[in-house]
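Dumped work.cif below, it's mmCIF, C-alpha atoms and all ligand atoms:
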```cif
data_input
#
loop_
_atom_site.label_atom_id
_atom_site.label_comp_id
_atom_site.auth_asym_id
_atom_site.auth_seq_id
_atom_site.Cartn_x
_atom_site.Cartn_y
_atom_site.Cartn_z
CA MET E 1 -21.32 5.93 -15.52
CA PRO E 2 -22.44 8.93 -13.45
CA ASP E 3 -20.24 11.97 -13.21
CA ILE E 4 -17.87 11.54 -10.25
CA ARG E 5 -17.28 14.89 -8.58
CA ILE E 6 -15.48 13.63 -5.49
CA ASP E 7 -13.50 10.43 -5.79
CA LEU E 8 -12.62 8.85 -2.46
CA TYR E 9 -12.38 5.38 -3.99
CA SER E 10 -8.61 5.19 -3.61
CA ASP E 11 -5.44 7.26 -3.57
CA THR E 12 -4.75 5.58 -6.93
CA GLN E 13 -7.26 8.03 -8.42
CA THR E 14 -4.81 10.94 -8.42
CA ARG E 15 -3.96 12.49 -11.79
CA PRO E 16 -0.50 13.87 -12.51
CA THR E 17 -0.44 17.60 -11.75
CA PRO E 18 0.64 20.15 -14.41
CA GLN E 19 4.00 20.53 -12.62
CA MET E 20 4.50 16.77 -12.55
CA ARG E 21 3.64 16.57 -16.26
CA ALA E 22 6.17 19.33 -16.96
CA ALA E 23 8.84 17.36 -15.09
CA MET E 24 7.93 14.27 -17.11
CA ALA E 25 8.11 16.17 -20.41
CA ALA E 26 11.55 17.54 -19.54
CA ALA E 27 13.06 14.23 -18.32
CA PRO E 28 16.38 13.07 -19.75
CA VAL E 29 15.88 9.50 -20.96
CA GLY E 30 17.77 6.44 -22.23
CA ASP E 31 17.35 2.68 -22.49
CA GLU E 32 16.20 1.62 -19.04
CA GLN E 33 16.89 -2.08 -19.43
CA ARG E 34 20.49 -1.35 -20.36
CA GLY E 35 20.82 0.82 -17.23
CA GLU E 36 21.15 3.90 -19.46
CA ASP E 37 18.15 5.95 -18.42
CA PRO E 38 19.46 8.80 -16.23
CA SER E 39 16.06 9.62 -14.74
CA VAL E 40 15.37 6.01 -13.76
CA ASN E 41 18.87 5.71 -12.31
CA ARG E 42 18.37 8.90 -10.32
CA LEU E 43 15.00 7.74 -8.99
CA CYS E 44 16.42 4.35 -7.94
CA ARG E 45 19.41 6.00 -6.26
CA SER E 46 17.24 8.40 -4.30
CA VAL E 47 14.80 5.70 -3.14
CA ALA E 48 17.67 3.41 -2.15
CA ASP E 49 19.25 6.29 -0.18
CA MET E 50 15.97 7.23 1.46
CA LEU E 51 15.52 3.61 2.56
CA GLY E 52 19.16 3.11 3.53
CA LYS E 53 19.59 0.26 1.03
CA GLU E 54 22.41 -0.49 -1.41
CA ALA E 55 20.31 -0.66 -4.54
CA ALA E 56 16.84 -0.36 -6.05
CA VAL E 57 15.00 -1.28 -9.22
CA PHE E 58 12.17 0.56 -10.95
CA LEU E 59 9.11 -1.59 -11.70
CA PRO E 60 5.74 -0.93 -13.32
CA SER E 61 3.73 -1.74 -10.20
CA GLY E 62 3.77 -2.61 -6.54
CA THR E 63 2.31 -5.99 -7.33
CA MET E 64 5.38 -6.78 -9.44
CA CYS E 65 7.61 -5.67 -6.54
CA ASN E 66 5.93 -8.14 -4.18
CA GLN E 67 5.94 -10.96 -6.71
CA ILE E 68 9.57 -10.48 -7.71
CA ALA E 69 10.60 -10.39 -4.05
CA LEU E 70 8.89 -13.76 -3.52
CA LEU E 71 10.45 -15.15 -6.70
CA VAL E 72 13.93 -14.12 -5.59
CA HIS E 73 13.66 -15.18 -1.96
CA CYS E 74 11.62 -18.38 -2.19
CA ARG E 75 11.51 -21.78 -3.87
CA PRO E 76 8.28 -23.54 -4.90
CA GLY E 77 6.79 -25.29 -1.88
CA ASP E 78 8.17 -22.77 0.59
CA GLU E 79 5.80 -21.06 2.98
CA ILE E 80 5.50 -17.34 3.62
CA ILE E 81 3.84 -15.68 6.60
CA ALA E 82 1.53 -12.68 6.08
CA GLU E 83 -1.47 -11.08 7.73
CA THR E 84 -4.92 -12.32 6.66
CA SER E 85 -5.96 -9.02 5.09
CA ALA E 86 -2.66 -8.51 3.23
CA HIS E 87 -2.66 -7.30 -0.38
CA ILE E 88 -0.21 -10.08 -1.23
CA ILE E 89 -2.89 -12.63 -0.27
CA ASN E 90 -6.07 -10.91 -1.43
CA ALA E 91 -5.33 -8.65 -4.35
CA GLU E 92 -2.54 -10.10 -6.48
CA ALA E 93 -4.58 -12.63 -8.43
CA GLY E 94 -3.07 -15.62 -6.67
CA GLY E 95 0.42 -14.54 -7.69
CA PRO E 96 2.27 -16.20 -4.79
CA ALA E 97 0.82 -19.60 -5.81
CA ALA E 98 0.99 -19.06 -9.57
CA LEU E 99 4.45 -17.49 -9.83
CA ALA E 100 6.78 -18.26 -6.91
CA GLY E 101 4.73 -21.38 -6.07
CA VAL E 102 4.68 -20.60 -2.37
CA MET E 103 2.17 -21.48 0.29
CA VAL E 104 0.84 -18.68 2.45
CA ARG E 105 0.37 -18.92 6.20
CA ALA E 106 -2.13 -16.20 7.13
CA LEU E 107 -2.06 -14.69 10.63
CA ASP E 108 -5.08 -12.89 12.07
CA GLY E 109 -3.80 -9.59 13.34
CA GLU E 110 -5.33 -6.51 14.88
CA ARG E 111 -6.03 -3.90 12.18
CA GLY E 112 -3.71 -5.80 9.84
CA VAL E 113 -0.88 -5.92 12.36
CA PHE E 114 0.14 -9.26 13.86
CA ARG E 115 2.22 -9.77 17.00
CA PRO E 116 5.81 -11.02 16.79
CA GLU E 117 4.86 -14.06 18.93
CA GLN E 118 2.24 -15.04 16.35
CA ALA E 119 4.94 -15.07 13.69
CA GLU E 120 7.24 -17.01 16.00
CA ASP E 121 4.55 -19.65 16.60
CA ALA E 122 3.88 -19.96 12.86
CA VAL E 123 7.48 -20.72 11.92
CA ARG E 124 7.78 -24.40 10.97
CA ASP E 125 10.28 -26.49 12.85
CA GLY E 126 11.88 -28.03 9.76
CA ARG E 127 10.51 -31.56 10.03
CA ARG E 128 10.73 -33.63 6.90
CA HIS E 129 7.03 -33.49 6.12
CA SER E 130 6.40 -29.78 6.66
CA PRO E 131 6.92 -26.97 4.17
CA ARG E 132 9.93 -24.77 4.71
CA THR E 133 9.07 -21.39 6.22
CA ARG E 134 11.02 -18.87 4.22
CA LEU E 135 9.73 -15.32 4.58
CA ILE E 136 7.70 -13.02 6.81
CA ALA E 137 5.89 -10.15 5.10
CA ILE E 138 4.40 -7.06 6.68
CA GLU E 139 2.38 -4.31 5.03
CA GLN E 140 3.14 -0.70 6.00
CA THR E 141 0.59 0.85 6.24
CA ALA E 142 -1.83 -2.05 6.62
CA ASN E 143 -4.34 -1.15 3.92
CA ALA E 144 -7.34 -3.36 4.71
CA GLY E 145 -6.37 -3.13 8.37
CA GLY E 146 -7.63 0.46 8.23
CA GLY E 147 -4.55 2.26 6.94
CA ALA E 148 -2.95 1.30 10.25
CA VAL E 149 0.68 2.08 11.01
CA TRP E 150 2.86 -0.80 12.20
CA PRO E 151 4.65 0.58 15.26
CA LEU E 152 8.42 0.67 14.74
CA GLN E 153 9.05 -1.63 17.70
CA THR E 154 6.66 -4.25 16.32
CA THR E 155 8.31 -4.20 12.89
CA LEU E 156 11.71 -4.60 14.55
CA ALA E 157 10.50 -7.48 16.69
CA VAL E 158 9.00 -9.23 13.65
CA ALA E 159 12.22 -8.78 11.69
CA GLU E 160 14.08 -10.16 14.70
CA VAL E 161 11.93 -13.31 14.62
CA ALA E 162 12.79 -13.68 10.94
CA LYS E 163 16.48 -13.24 11.61
CA ARG E 164 16.52 -15.69 14.51
CA HIS E 165 15.01 -18.39 12.29
CA GLY E 166 17.07 -17.60 9.20
CA LEU E 167 14.05 -16.20 7.34
CA VAL E 168 13.70 -13.23 5.05
CA ALA E 169 11.88 -10.11 6.28
CA HIS E 170 9.97 -8.36 3.49
CA MET E 171 7.96 -5.15 3.68
CA ASP E 172 5.15 -4.24 1.31
CA GLY E 173 5.67 -0.51 1.75
CA ALA E 174 3.04 0.63 -0.74
CA ARG E 175 2.18 3.41 1.75
CA LEU E 176 5.35 3.43 3.83
CA LEU E 177 5.62 7.20 3.37
CA ASN E 178 2.15 7.68 4.85
CA ALA E 179 3.44 5.81 7.90
CA VAL E 180 6.55 8.01 7.94
CA VAL E 181 4.56 11.23 7.82
CA ALA E 182 2.02 10.00 10.38
CA SER E 183 4.56 8.68 12.89
CA GLY E 184 7.60 10.89 12.38
CA VAL E 185 9.78 7.77 12.13
CA ALA E 186 12.27 8.00 9.24
CA ALA E 187 11.78 5.69 6.25
CA ARG E 188 15.26 4.23 6.73
CA ASP E 189 14.47 3.37 10.35
CA TYR E 190 11.44 1.36 9.27
CA ALA E 191 13.46 -0.15 6.41
CA HIS E 192 16.62 -1.00 8.30
CA ALA E 193 15.68 -4.48 9.57
CA PHE E 194 14.05 -5.61 6.30
CA ASP E 195 15.85 -7.52 3.57
CA SER E 196 13.59 -6.19 0.86
CA LEU E 197 10.95 -3.51 0.64
CA TRP E 198 9.32 -1.19 -1.86
CA ILE E 199 7.28 1.98 -2.14
CA ASP E 200 4.47 2.68 -4.55
CA LEU E 201 4.60 5.89 -6.59
CA SER E 202 1.05 5.56 -7.91
CA LYS E 203 -0.82 5.81 -4.60
CA GLY E 204 -0.72 8.92 -2.41
CA LEU E 205 2.43 10.19 -4.11
CA GLY E 206 0.31 10.97 -7.14
CA CYS E 207 2.30 9.42 -10.02
CA PRO E 208 0.51 7.77 -12.93
CA VAL E 209 2.55 4.56 -12.70
CA GLY E 210 5.51 2.91 -11.00
CA ALA E 211 6.99 1.44 -7.86
CA VAL E 212 10.55 1.02 -6.60
CA LEU E 213 11.88 -2.16 -4.97
CA ALA E 214 14.98 -1.90 -2.78
CA GLY E 215 17.41 -4.18 -0.98
CA ASP E 216 21.07 -5.13 -1.00
CA ALA E 217 22.97 -5.22 -4.29
CA GLU E 218 22.80 -9.00 -4.50
CA PHE E 219 19.02 -9.03 -4.07
CA ILE E 220 18.53 -6.34 -6.72
CA GLY E 221 20.91 -8.20 -9.02
CA ARG E 222 18.72 -11.29 -8.69
CA ALA E 223 15.54 -9.22 -9.14
CA TRP E 224 16.66 -8.02 -12.58
CA PRO E 225 16.29 -11.31 -14.49
CA TRP E 226 12.77 -11.62 -13.06
CA LYS E 227 11.94 -8.07 -14.14
CA GLN E 228 13.13 -9.02 -17.61
CA ARG E 229 11.36 -12.38 -17.60
CA LEU E 230 8.02 -10.94 -16.48
CA GLY E 231 8.16 -8.16 -19.05
CA GLY E 232 8.85 -5.44 -16.52
CA ALA E 233 12.02 -4.18 -18.18
CA MET E 234 11.41 -0.92 -20.00
CA ARG E 235 13.02 1.49 -22.49
CA GLN E 236 12.77 5.29 -22.13
CA ALA E 237 11.10 4.93 -18.74
CA GLY E 238 12.65 8.19 -17.54
CA VAL E 239 9.42 9.86 -18.61
CA ILE E 240 7.59 8.06 -15.80
CA ALA E 241 10.54 7.94 -13.39
CA ALA E 242 10.62 11.75 -13.54
CA ALA E 243 7.12 11.76 -12.06
CA GLY E 244 8.51 9.72 -9.16
CA ILE E 245 11.42 12.09 -8.63
CA TYR E 246 9.02 15.01 -8.67
CA ALA E 247 6.70 13.27 -6.20
CA LEU E 248 9.49 12.47 -3.75
CA GLU E 249 10.47 16.14 -3.77
CA HIS E 250 6.99 17.68 -3.60
CA HIS E 251 4.35 15.18 -2.53
CA VAL E 252 5.67 13.55 0.63
CA GLU E 253 5.23 16.23 3.31
CA ARG E 254 1.80 17.06 1.95
CA LEU E 255 0.54 13.55 2.83
CA ALA E 256 -0.15 15.17 6.22
CA GLU E 257 -2.99 17.10 4.55
CA ASP E 258 -4.54 13.83 3.40
CA HIS E 259 -4.29 12.52 6.95
CA ASP E 260 -5.94 15.70 8.31
CA ASN E 261 -8.71 15.35 5.75
CA ALA E 262 -9.24 11.70 6.67
CA ARG E 263 -9.57 12.64 10.35
CA LEU E 264 -12.02 15.39 9.44
CA LEU E 265 -14.14 12.95 7.43
CA ALA E 266 -14.04 10.44 10.29
CA ARG E 267 -15.20 13.07 12.79
CA ARG E 268 -18.16 14.01 10.59
CA LEU E 269 -19.15 10.41 9.98
CA ALA E 270 -18.82 9.53 13.65
CA GLU E 271 -21.69 11.96 14.30
CA LEU E 272 -24.03 9.62 12.42
CA PRO E 273 -25.50 6.90 14.65
CA ALA E 274 -26.00 4.71 11.56
CA LEU E 275 -22.27 4.44 10.98
CA GLU E 276 -19.50 2.85 12.98
CA VAL E 277 -16.21 4.52 12.13
CA GLU E 278 -12.85 2.82 12.66
CA GLU E 279 -9.82 4.58 14.04
CA VAL E 280 -8.02 6.75 11.48
CA GLU E 281 -4.22 6.73 11.44
CA THR E 282 -3.36 7.82 7.91
CA ASN E 283 -5.38 8.56 4.78
CA MET E 284 -8.05 5.88 5.05
CA VAL E 285 -11.44 5.98 6.71
CA PHE E 286 -13.13 2.61 7.09
CA PHE E 287 -16.68 2.51 8.38
CA ASP E 288 -19.44 -0.01 8.91
CA VAL E 289 -22.90 0.76 7.51
CA ARG E 290 -24.84 -2.16 9.01
CA ARG E 291 -26.94 0.02 11.32
CA SER E 292 -28.14 2.08 8.34
CA GLY E 293 -30.13 -0.95 7.16
CA MET E 294 -28.24 -0.86 3.85
CA THR E 295 -25.37 -2.86 2.50
CA ALA E 296 -22.12 -1.18 1.55
CA ALA E 297 -23.01 -1.78 -2.12
CA GLU E 298 -26.33 0.05 -1.69
CA VAL E 299 -24.72 2.99 0.06
CA SER E 300 -21.99 3.10 -2.57
CA GLU E 301 -24.52 3.14 -5.40
CA ARG E 302 -26.53 5.97 -3.83
CA LEU E 303 -23.39 8.00 -3.25
CA LEU E 304 -22.34 7.46 -6.84
CA ALA E 305 -25.69 8.75 -8.08
CA ARG E 306 -24.81 11.98 -6.26
CA GLY E 307 -21.30 12.19 -7.64
CA VAL E 308 -19.35 10.77 -4.70
CA ARG E 309 -17.40 7.55 -5.03
CA ILE E 310 -16.53 5.52 -1.93
CA GLY E 311 -15.65 1.86 -2.35
CA GLU E 312 -17.15 -1.13 -0.58
CA ASN E 313 -14.63 -3.30 1.19
CA ALA E 314 -16.97 -6.00 2.51
CA ARG E 315 -20.73 -6.54 2.76
CA HIS E 316 -21.13 -3.75 5.31
CA ARG E 317 -17.69 -2.18 5.36
CA MET E 318 -16.67 0.80 3.25
CA ARG E 319 -13.37 2.55 2.63
CA ALA E 320 -12.89 6.23 1.86
CA VAL E 321 -9.37 7.30 0.92
CA THR E 322 -8.17 10.91 0.90
CA HIS E 323 -5.53 12.08 -1.56
CA LEU E 324 -3.99 14.85 -3.62
CA ASP E 325 -7.08 15.36 -5.78
CA VAL E 326 -9.58 15.79 -2.94
CA THR E 327 -9.72 19.11 -1.13
CA ARG E 328 -10.84 19.72 2.43
CA GLU E 329 -13.98 21.35 1.08
CA GLN E 330 -14.76 18.28 -1.02
CA VAL E 331 -14.30 16.09 2.04
CA GLU E 332 -16.88 18.25 3.85
CA GLN E 333 -19.21 17.89 0.86
CA ALA E 334 -18.73 14.13 0.73
CA ALA E 335 -19.57 13.90 4.44
CA GLN E 336 -22.74 15.91 3.78
CA VAL E 337 -23.80 13.69 0.87
CA LEU E 338 -23.13 10.56 2.93
CA THR E 339 -25.20 12.01 5.77
CA GLU E 340 -28.12 12.55 3.40
CA VAL E 341 -27.81 9.10 1.88
CA VAL E 342 -27.79 7.44 5.28
CA LEU E 343 -30.76 9.48 6.55
CA ASP E 344 -32.76 8.83 3.34
CA GLY E 345 -31.95 5.14 3.67
CA ALA E 346 -33.24 5.15 7.24
CA HIS E 347 -36.56 6.74 6.09
CA ALA E 348 -36.95 4.27 3.25
CA ALA E 349 -36.40 1.29 5.54
C1 LIG S 1 -1.79 -0.96 -4.12
C2 LIG S 1 -1.11 -1.93 -3.23
C3 LIG S 1 -0.27 -2.92 -3.74
C4 LIG S 1 -0.06 -3.13 -5.22
O1 LIG S 1 0.44 -2.01 -5.85
P1 LIG S 1 0.11 -1.75 -7.39
O2 LIG S 1 1.04 -0.65 -7.75
O3 LIG S 1 -1.34 -1.37 -7.46
O4 LIG S 1 0.38 -3.02 -8.12
C5 LIG S 1 0.36 -3.75 -2.85
N1 LIG S 1 0.20 -3.62 -1.54
C6 LIG S 1 -0.61 -2.70 -1.00
C7 LIG S 1 -0.74 -2.60 0.47
C8 LIG S 1 -1.30 -1.83 -1.84
O5 LIG S 1 -2.14 -0.94 -1.30
#
```
Spell out the structure here as structure tokens.
Amino acid sequence: MPDIRIDLYSDTQTRPTPQMRAAMAAAPVGDEQRGEDPSVNRLCRSVADMLGKEAAVFLPSGTMCNQIALLVHCRPGDEIIAETSAHIINAEAGGPAALAGVMVRALDGERGVFRPEQAEDAVRDGRRHSPRTRLIAIEQTANAGGGAVWPLQTTLAVAEVAKRHGLVAHMDGARLLNAVVASGVAARDYAHAFDSLWIDLSKGLGCPVGAVLAGDAEFIGRAWPWKQRLGGAMRQAGVIAAAGIYALEHHVERLAEDHDNARLLARRLAELPALEVEEVETNMVFFDVRRSGMTAAEVSERLLARGVRIGENARHRMRAVTHLDVTREQVEQAAQVLTEVVLDGAHAA
């Protein structure tokens, strides 16, 4: 594999900083699955407080947060509503079908955001032969939607639809804190109307592993047996929870830098006629390479040969993600390399 100098593949590519590693090394620990790990308990308390929820549970991944939420809230044969591009549908290895046994009703939104009326129309009316609608899920920010921020009013209106029909409102908040920093809306305000939600520690927050699922005490109580059953219960997990505590104290405000860098990259790329750049709201820059005459895979390969990694999202769509381990200068360099690749491609064609 070529040497990657600038990795814009994902905000999962961050490495723990020396300070974060020091916090991990110094963490008080205990047996997590007995509730005896002080660092895990502290992390869960602080996430629950930040989200205005009664309780929280530490899990190895965001995927497990989503899957456990479905397992707790739903019965096999139930139907959940989510946006077509949602992670829950596209990137969890069929988990909703394989684990909770739910059907998924996909709604086509705008940049990953559907309208409350679409959700309303999708709710089943409870006839004998139809599946039972049980849950509405939103993704904040909408990853494949372009890192788009769900406006607070829209999230509230969607949660209101859920409430009116006796459904559960669930938020995949993998990048909720990017939405918070971008919009200035407090995390607890976004969280308030949702029965369950979670944040990922291993994305822009820069931790090596972990996610925290929150809700009321009853929900978290019911999540625990699933954590145990799926093998997500841990022992001296304070070592990794300490990274989360560190990140919540030091890596939230700085997400604004990632957003600035993403806008900078988008401005540079927008100067290239061969690229069509989508609107940037947080730390993701999606762009279409069709006019370059190359596929996303071809562009990606040429970038990689020059030490820059940017992932392909579809045949002609690419995604660059800014994060803790990419400086402003590197973003400028990446834009320069991409410019050269696109111009070379145009000459070759
Ligand atoms: C990354 C991601 C997940 C899954 O989180 P993992 O920690 O990688 O399992 C879920 N939803 C969204 C929107 C994500 O970006």
In terms of the shortest atom-to-atom distance over only C-alpha atoms, which of E:Asp172, E:Asp195, E:Glu312, E:Asp31 is closest to Met64 (chain E)?
->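 Answer, going by the shortest atom-to-atom distance: E:Asp172.
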Using all atoms listed in the file, which protein or nucleic acid residues are at most 8 Å from ligand LIG 1 (chain S), as a count of residues only?
-> 30
Listed atoms of region 252-259 of chain E boxed along x, y and z, 8 Å each side, centre and edge lengths in Å, one decimal, as AutoDock Vina command-line options:
```
--center_x 0.6 --center_y 14.8 --center_z 3.8 --size_x 26.2 --size_y 20.6 --size_z 22.3
```
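Closest approach to Arg134 (chain E) from the set E:Asp78, E:Asp260, E:Glu340, E:Glu117 is made by E:Asp78, with distances taken over all atoms listed in the file.
Between CA of Leu71 (chain E) and CA of Leu167 (chain E) the interatomic distance comes to 14.5 Å.
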Fewer than 2 positions away in the same chain doesn't count, so skip those; otherwise give me all residues within 8 Å of Val341 (chain E), counting all atoms listed in the file, as a ChimeraX atom specification.
-> /E:299,302-303,337-339,343-345
Kindly save the residues from that selection, with C-alpha atoms included, as an mmCIF file, keeping the file's coordinate frame.
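After the write, selection_25.cif holds the following:
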```cif
data_model
loop_
_atom_site.group_PDB
_atom_site.id
_atom_site.type_symbol
_atom_site.label_atom_id
_atom_site.label_comp_id
_atom_site.auth_asym_id
_atom_site.auth_seq_id
_atom_site.Cartn_x
_atom_site.Cartn_y
_atom_site.Cartn_z
ATOM 1 C CA VAL E 299 -24.720 2.990 0.060
ATOM 2 C CA ARG E 302 -26.530 5.970 -3.830
ATOM 3 C CA LEU E 303 -23.390 8.000 -3.250
ATOM 4 C CA VAL E 337 -23.800 13.690 0.870
ATOM 5 C CA LEU E 338 -23.130 10.560 2.930
ATOM 6 C CA THR E 339 -25.200 12.010 5.770
ATOM 7 C CA LEU E 343 -30.760 9.480 6.550
ATOM 8 C CA ASP E 344 -32.760 8.830 3.340
ATOM 9 C CA GLY E 345 -31.950 5.140 3.670
#
```
Contacts of Ala148 (chain E) at 12 Å (only C-alpha atoms; same-chain gap of 6+ positions) as a PyMOL selection string | chain E and resi 85+109-114+138-142+175-176+178-180+182-183+259+278-286
Counting only C-alpha atoms, which of E:Arg34, E:Arg115, E:Arg290, E:Arg21 gets nearest to Trp224 (chain E)?
->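 The answer is E:Arg34, which sits nearest to Trp224 (chain E).
In terms of minimum interatomic distance to Thr84 (chain E), E:Val104 ranks closest within E:Met294, E:Val104, E:Ala237, E:Ala334, counting only C-alpha atoms.
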Just the residues within 10 Å of Glu301 (chain E), please, counting only C-alpha atoms, with nothing from its chain fewer than 5 positions along; format it as a list in words.
->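 Skipping anything fewer than 5 positions along the chain leaves Thr295, Ala296, Arg306, Gly307, Val308, Arg309, Ile310, Gly311, Glu312 and Val341 of chain E.
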Between E:Arg315, E:Glu218, E:Ile6, E:Leu230, which is the closest to Glu329 (chain E) once you count all atoms listed in the file?
->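 Closest residue, counting all atoms listed in the file: E:Ile6.
Between CA of Ile68 (chain E) and CA of Val212 (chain E) lies a distance of 11.6 Å.
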Nearest to Arg222 (chain E): which of E:Val161, E:Ala56, E:Ile4, E:Ala23 is it, counting all atoms listed in the file?
->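 Selected residue with least distance to Arg222 (chain E): E:Ala56.
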Do you have the CA of Leu51 (chain E)-CA of Arg188 (chain E) distance handy?
-> 4.2 Å
Excluding same-chain residues fewer than 4 positions from Ala243 (chain E), what lies within 10 Å of it counting all atoms listed in the file, as a PDB file with C-alpha atoms, in the coordinates of the input?
```
ATOM      1  CA  PRO E  16      -0.500  13.870 -12.510  1.00  0.00           C
ATOM      2  CA  THR E  17      -0.440  17.600 -11.750  1.00  0.00           C
ATOM      3  CA  GLN E  19       4.000  20.530 -12.620  1.00  0.00           C
ATOM      4  CA  MET E  20       4.500  16.770 -12.550  1.00  0.00           C
ATOM      5  CA  ARG E  21       3.640  16.570 -16.260  1.00  0.00           C
ATOM      6  CA  ALA E  22       6.170  19.330 -16.960  1.00  0.00           C
ATOM      7  CA  ALA E  23       8.840  17.360 -15.090  1.00  0.00           C
ATOM      8  CA  MET E  24       7.930  14.270 -17.110  1.00  0.00           C
ATOM      9  CA  ALA E  25       8.110  16.170 -20.410  1.00  0.00           C
ATOM     10  CA  ALA E  27      13.060  14.230 -18.320  1.00  0.00           C
ATOM     11  CA  SER E  39      16.060   9.620 -14.740  1.00  0.00           C
ATOM     12  CA  LEU E  43      15.000   7.740  -8.990  1.00  0.00           C
ATOM     13  CA  LEU E 201       4.600   5.890  -6.590  1.00  0.00           C
ATOM     14  CA  SER E 202       1.050   5.560  -7.910  1.00  0.00           C
ATOM     15  CA  LEU E 205       2.430  10.190  -4.110  1.00  0.00           C
ATOM     16  CA  GLY E 206       0.310  10.970  -7.140  1.00  0.00           C
ATOM     17  CA  CYS E 207       2.300   9.420 -10.020  1.00  0.00           C
ATOM     18  CA  PRO E 208       0.510   7.770 -12.930  1.00  0.00           C
ATOM     19  CA  VAL E 209       2.550   4.560 -12.700  1.00  0.00           C
ATOM     20  CA  GLY E 210       5.510   2.910 -11.000  1.00  0.00           C
ATOM     21  CA  GLY E 238      12.650   8.190 -17.540  1.00  0.00           C
ATOM     22  CA  VAL E 239       9.420   9.860 -18.610  1.00  0.00           C
ATOM     23  CA  ALA E 247       6.700  13.270  -6.200  1.00  0.00           C
ATOM     24  CA  LEU E 248       9.490  12.470  -3.750  1.00  0.00           C
ATOM     25  CA  GLU E 249      10.470  16.140  -3.770  1.00  0.00           C
TER      26      GLU E 249
END
```
Counting all atoms listed in the file, what is within 12 Å of Pro38 (chain E), bar same-chain residues fewer than 2 positions away, as a ChimeraX atom specification?
-> /E:27-36,40-45,235-242,245
Residues from the last selection, C-alpha atoms, saved as an mmCIF file, in the frame of the given file:
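File part-v2.cif, as written:
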```
data_model
loop_
_atom_site.group_PDB
_atom_site.id
_atom_site.type_symbol
_atom_site.label_atom_id
_atom_site.label_comp_id
_atom_site.auth_asym_id
_atom_site.auth_seq_id
_atom_site.Cartn_x
_atom_site.Cartn_y
_atom_site.Cartn_z
ATOM 1 C CA ALA E 27 13.060 14.230 -18.320
ATOM 2 C CA PRO E 28 16.380 13.070 -19.750
ATOM 3 C CA VAL E 29 15.880 9.500 -20.960
ATOM 4 C CA GLY E 30 17.770 6.440 -22.230
ATOM 5 C CA ASP E 31 17.350 2.680 -22.490
ATOM 6 C CA GLU E 32 16.200 1.620 -19.040
ATOM 7 C CA GLN E 33 16.890 -2.080 -19.430
ATOM 8 C CA ARG E 34 20.490 -1.350 -20.360
ATOM 9 C CA GLY E 35 20.820 0.820 -17.230
ATOM 10 C CA GLU E 36 21.150 3.900 -19.460
ATOM 11 C CA VAL E 40 15.370 6.010 -13.760
ATOM 12 C CA ASN E 41 18.870 5.710 -12.310
ATOM 13 C CA ARG E 42 18.370 8.900 -10.320
ATOM 14 C CA LEU E 43 15.000 7.740 -8.990
ATOM 15 C CA CYS E 44 16.420 4.350 -7.940
ATOM 16 C CA ARG E 45 19.410 6.000 -6.260
ATOM 17 C CA ARG E 235 13.020 1.490 -22.490
ATOM 18 C CA GLN E 236 12.770 5.290 -22.130
ATOM 19 C CA ALA E 237 11.100 4.930 -18.740
ATOM 20 C CA GLY E 238 12.650 8.190 -17.540
ATOM 21 C CA VAL E 239 9.420 9.860 -18.610
ATOM 22 C CA ILE E 240 7.590 8.060 -15.800
ATOM 23 C CA ALA E 241 10.540 7.940 -13.390
ATOM 24 C CA ALA E 242 10.620 11.750 -13.540
ATOM 25 C CA ILE E 245 11.420 12.090 -8.630
#
```
What would the file be for region 17-25 of chain E if you keep N, CA and C atoms and write it as a tab-separated table (two decimals), in the first residue's frame?
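File produced: part_22.tsv:
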```tsv
chain	number	residue	atom	x	y	z
E	17	THR	N	-4.00	11.18	20.59
E	17	THR	CA	-2.89	12.12	20.77
E	17	THR	C	-2.07	11.69	22.00
E	18	PRO	N	-0.84	12.21	22.14
E	18	PRO	CA	-0.04	11.89	23.33
E	18	PRO	C	-0.79	12.23	24.62
E	19	GLN	N	-1.49	13.37	24.64
E	19	GLN	CA	-2.24	13.74	25.86
E	19	GLN	C	-3.37	12.76	26.14
E	20	MET	N	-4.04	12.33	25.08
E	20	MET	CA	-5.11	11.35	25.26
E	20	MET	C	-4.54	10.03	25.77
E	21	ARG	N	-3.41	9.63	25.22
E	21	ARG	CA	-2.77	8.38	25.67
E	21	ARG	C	-2.35	8.50	27.14
E	22	ALA	N	-1.90	9.68	27.54
E	22	ALA	CA	-1.51	9.87	28.94
E	22	ALA	C	-2.74	9.73	29.84
E	23	ALA	N	-3.87	10.30	29.40
E	23	ALA	CA	-5.10	10.18	30.18
E	23	ALA	C	-5.53	8.71	30.28
E	24	MET	N	-5.35	7.98	29.19
E	24	MET	CA	-5.71	6.56	29.19
E	24	MET	C	-4.82	5.77	30.17
E	25	ALA	N	-3.53	6.08	30.13
E	25	ALA	CA	-2.58	5.36	30.98
E	25	ALA	C	-2.86	5.60	32.46
```
